[in-house]
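Student: Below you'll find query-v5.cif; it's mmCIF, C-alpha atoms.
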```cif
data_model
loop_
_atom_site.group_PDB
_atom_site.id
_atom_site.type_symbol
_atom_site.label_atom_id
_atom_site.label_comp_id
_atom_site.auth_asym_id
_atom_site.auth_seq_id
_atom_site.Cartn_x
_atom_site.Cartn_y
_atom_site.Cartn_z
ATOM 1 C CA MET A 3 122.621 102.081 115.764
ATOM 2 C CA GLU A 4 119.045 103.152 115.191
ATOM 3 C CA LEU A 5 116.670 100.396 116.233
ATOM 4 C CA GLU A 6 113.908 101.451 113.838
ATOM 5 C CA ARG A 7 116.319 101.082 110.882
ATOM 6 C CA THR A 8 117.621 97.619 111.775
ATOM 7 C CA GLN A 9 116.607 94.577 109.810
ATOM 8 C CA GLU A 10 115.900 91.133 111.016
ATOM 9 C CA VAL A 11 118.474 88.735 109.601
ATOM 10 C CA CYS A 12 117.574 85.129 108.921
ATOM 11 C CA ASP A 13 119.909 82.452 107.675
ATOM 12 C CA THR A 14 118.758 80.816 104.474
ATOM 13 C CA ILE A 15 119.087 77.060 104.529
ATOM 14 C CA GLU A 16 119.817 75.508 101.162
ATOM 15 C CA ALA A 17 118.181 72.217 100.243
ATOM 16 C CA PRO A 18 120.725 69.369 100.205
ATOM 17 C CA THR A 19 119.791 68.341 96.655
ATOM 18 C CA ARG A 20 120.314 71.888 95.399
ATOM 19 C CA ALA A 21 123.740 72.102 97.024
ATOM 20 C CA GLN A 22 124.648 68.676 95.673
ATOM 21 C CA GLY A 23 123.626 69.692 92.139
ATOM 22 C CA ARG A 24 125.856 72.767 92.290
ATOM 23 C CA ASP A 25 128.756 70.761 93.711
ATOM 24 C CA GLU A 26 128.412 68.131 90.991
ATOM 25 C CA LEU A 27 128.270 70.791 88.282
ATOM 26 C CA HIS A 28 131.386 72.417 89.721
ATOM 27 C CA ALA A 29 133.130 69.019 89.813
ATOM 28 C CA TRP A 30 132.188 68.403 86.163
ATOM 29 C CA VAL A 31 133.747 71.733 85.173
ATOM 30 C CA GLN A 32 136.913 70.811 87.078
ATOM 31 C CA ASP A 33 136.994 67.431 85.322
ATOM 32 C CA GLN A 34 136.750 69.163 81.950
ATOM 33 C CA ILE A 35 139.653 71.432 82.948
ATOM 34 C CA SER A 36 141.748 68.483 84.094
ATOM 35 C CA VAL A 37 141.476 66.783 80.695
ATOM 36 C CA GLY A 38 142.080 70.029 78.802
ATOM 37 C CA LEU A 39 138.609 70.506 77.322
ATOM 38 C CA ILE A 40 138.127 73.794 79.201
ATOM 39 C CA THR A 41 141.065 76.182 79.005
ATOM 40 C CA ASP A 42 139.517 79.563 79.790
ATOM 41 C CA ARG A 43 136.216 81.120 80.735
ATOM 42 C CA ALA A 44 134.993 81.356 77.126
ATOM 43 C CA SER A 45 135.526 77.625 76.587
ATOM 44 C CA MET A 46 133.820 76.990 79.950
ATOM 45 C CA VAL A 47 130.719 78.902 78.838
ATOM 46 C CA ASP A 48 130.781 77.027 75.509
ATOM 47 C CA ALA A 49 131.052 73.653 77.296
ATOM 48 C CA LEU A 50 128.151 74.476 79.607
ATOM 49 C CA THR A 51 125.911 75.692 76.782
ATOM 50 C CA ASP A 52 126.851 72.681 74.630
ATOM 51 C CA ALA A 53 125.804 70.508 77.576
ATOM 52 C CA GLY A 54 122.343 72.096 77.491
ATOM 53 C CA PHE A 55 122.634 74.764 80.181
ATOM 54 C CA ASP A 56 121.913 78.479 79.827
ATOM 55 C CA ILE A 57 124.170 81.196 81.255
ATOM 56 C CA PRO A 58 121.791 84.023 82.259
ATOM 57 C CA ARG A 59 124.500 86.005 84.087
ATOM 58 C CA ALA A 60 128.247 86.155 83.809
ATOM 59 C CA GLY A 61 129.722 88.448 86.438
ATOM 60 C CA LYS A 62 133.373 89.330 86.818
ATOM 61 C CA ALA A 63 133.893 86.610 89.427
ATOM 62 C CA TYR A 64 131.032 84.134 88.885
ATOM 63 C CA LEU A 65 128.747 82.390 86.420
ATOM 64 C CA THR A 66 125.054 81.772 86.923
ATOM 65 C CA VAL A 67 124.068 78.503 85.267
ATOM 66 C CA LEU A 68 120.433 77.651 84.529
ATOM 67 C CA ASP A 69 119.047 74.212 83.809
ATOM 68 C CA PRO A 70 116.249 75.036 81.339
ATOM 69 C CA ASP A 71 114.520 71.696 81.972
ATOM 70 C CA THR A 72 114.045 72.229 85.706
ATOM 71 C CA GLY A 73 114.484 75.993 86.084
ATOM 72 C CA GLU A 74 117.184 75.350 88.702
ATOM 73 C CA ARG A 75 119.897 78.015 88.910
ATOM 74 C CA TRP A 76 123.329 77.766 90.430
ATOM 75 C CA ARG A 77 125.825 80.530 91.033
ATOM 76 C CA LEU A 78 129.307 79.126 90.474
ATOM 77 C CA LYS A 79 132.021 81.047 92.283
ATOM 78 C CA GLY A 80 135.722 80.592 92.733
ATOM 79 C CA GLU A 81 138.954 81.431 90.989
ATOM 80 C CA ILE A 82 138.167 79.380 87.885
ATOM 81 C CA PHE A 83 134.967 81.356 87.271
ATOM 82 C CA HIS A 84 136.677 84.776 87.094
ATOM 83 C CA GLU A 85 136.359 86.428 83.689
ATOM 84 C CA ASP A 86 140.137 86.569 83.104
ATOM 85 C CA TRP A 87 140.885 82.995 84.279
ATOM 86 C CA GLN A 88 143.113 80.801 82.101
ATOM 87 C CA ALA A 89 144.042 77.189 82.841
ATOM 88 C CA ASP A 90 147.702 76.345 83.036
ATOM 89 C CA THR A 91 149.361 72.944 82.856
ATOM 90 C CA ALA A 92 150.068 72.744 86.595
ATOM 91 C CA GLU A 93 146.445 73.502 87.435
ATOM 92 C CA ARG A 94 145.169 70.763 85.126
ATOM 93 C CA GLU A 95 147.466 68.232 86.797
ATOM 94 C CA THR A 96 146.259 69.077 90.321
ATOM 95 C CA LEU A 97 142.515 68.938 89.667
ATOM 96 C CA PRO A 98 140.889 65.576 90.429
ATOM 97 C CA PHE A 99 139.417 63.693 87.493
ATOM 98 C CA ALA A 100 136.349 61.589 88.128
ATOM 99 C CA ALA A 101 135.096 59.667 85.141
ATOM 100 C CA GLY A 102 131.383 59.364 84.612
ATOM 101 C CA CYS A 103 128.329 61.533 84.481
ATOM 102 C CA LEU A 104 127.119 64.126 86.926
ATOM 103 C CA ASN A 105 124.046 62.107 87.734
ATOM 104 C CA SER A 106 125.968 59.130 89.122
ATOM 105 C CA HIS A 107 124.969 60.184 92.648
ATOM 106 C CA THR A 108 121.667 61.943 92.076
ATOM 107 C CA PRO A 109 119.142 60.197 89.865
ATOM 108 C CA ASP A 110 117.138 63.387 89.257
ATOM 109 C CA PHE A 111 120.120 65.417 88.055
ATOM 110 C CA ARG A 112 120.482 65.230 84.295
ATOM 111 C CA CYS A 113 123.595 63.741 82.768
ATOM 112 C CA ILE A 114 125.308 66.585 80.937
ATOM 113 C CA CYS A 115 128.105 64.447 79.572
ATOM 114 C CA SER A 116 125.666 62.712 77.228
ATOM 115 C CA LYS A 117 124.215 65.971 75.841
ATOM 116 C CA GLY A 118 125.486 67.739 72.768
#
```
Can you present the structure in this file as structure tokens?
Tutor:
Amino acid sequence: MELERTQEVCDTIEAPTRAQGRDELHAWVQDQISVGLITDRASMVDALTDAGFDIPRAGKAYLTVLDPDTGERWRLKGEIFHEDWQADTAERETLPFAAGCLNSHTPDFRCICSKG
């Protein structure tokens, strides 16, 4: 390895509130799947935009979701965010359903279930 070509690598530490916002958004999507409101990626994008979010990027295996009010962006990854994903009955039955809004744990996170 050539020492003059090496780069210094630093771990990026994510703010806890940012991570919590992404986790809550992901949980909301899973809740919508569990009740049958989201059945594929197209309906997921529709649900997010109806809730007031923008989708600036949609990769093959992820969605980038932007909160236009705060400018906060989250990259959502996982099997359910793949472009060819489709919900099946068994998957809907195994996802946890938590009633309520996303902001039940973070007062500064907007409640997307009341939008639209």
Student: Which distance in Å separates CA of Tyr64 (chain A) and CA of Phe83 (chain A), to one decimal?
Tutor: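 Calculated distance between CA of Tyr64 (chain A) and CA of Phe83 (chain A) is 5.1 Å.
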Student: Do you know which residues are at most 8 Å from Leu78 (chain A) counting all atoms listed in the file, after dropping those on the same chain fewer than 3 positions away, and could you put them as a PyMOL selection string?
Tutor: chain A and resi 24+28+64-67+83
Student: For a quick check of understanding, using all atoms listed in the file, which of A:Ile35, A:Ala89, A:Leu27, A:Ile82 has the smallest distance to Ala53 (chain A)?
Tutor: A:Leu27
Student: Just the number, please: distance in Å from CA of Met46 (chain A) to CA of Pro18 (chain A), one decimal.
Tutor: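 Straight-line distance from CA of Met46 (chain A) to CA of Pro18 (chain A) works out to 25.3 Å.
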Student: Counting all atoms listed in the file, which residue out of A:Gln34, A:Thr41, A:Thr19, A:Thr72 sits closest to Gln88 (chain A)?
Tutor: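 The closest residue to Gln88 (chain A) is A:Thr41.
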Student: Give me, please, the distance in Å between CA of Asp86 (chain A) and CA of Asp71 (chain A), quoted to one decimal.
Tutor: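 Answer for the CA of Asp86 (chain A) to CA of Asp71 (chain A) separation: 29.6 Å.
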Student: Which is closer to Gly61 (chain A) than all the others in A:Ala49, A:Leu39, A:Trp76, A:His84, using only C-alpha atoms?
Tutor: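 For Gly61 (chain A), the nearest of the given residues is A:His84.
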Student: Run the PyMOL selection byres ((chain A and resi 69) around 10) on the file and write out the hits as a list in words.
Tutor: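 When the PyMOL selection byres ((chain A and resi 69) around 10) is applied, the selected residues are Thr51, Ala53, Gly54, Phe55, Asp56, Ile57, Val67, Leu68, Pro70, Asp71, Thr72, Gly73, Glu74, Arg75, Trp76, Phe111 and Arg112 of chain A.
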Student: Between A:Gly23, A:Gly80, A:Val31, A:Glu6, which is the closest to Asp48 (chain A) once you count all atoms listed in the file?
Tutor: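 Ranking A:Gly23, A:Gly80, A:Val31, A:Glu6 by distance to Asp48 (chain A), first place goes to A:Val31.
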Student: For Gly38 (chain A), which residue among A:Asp90, A:Glu10, A:Asp52, A:Asp25 is the nearest when counting only C-alpha atoms?
Tutor: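 The closest residue to Gly38 (chain A) is A:Asp90.
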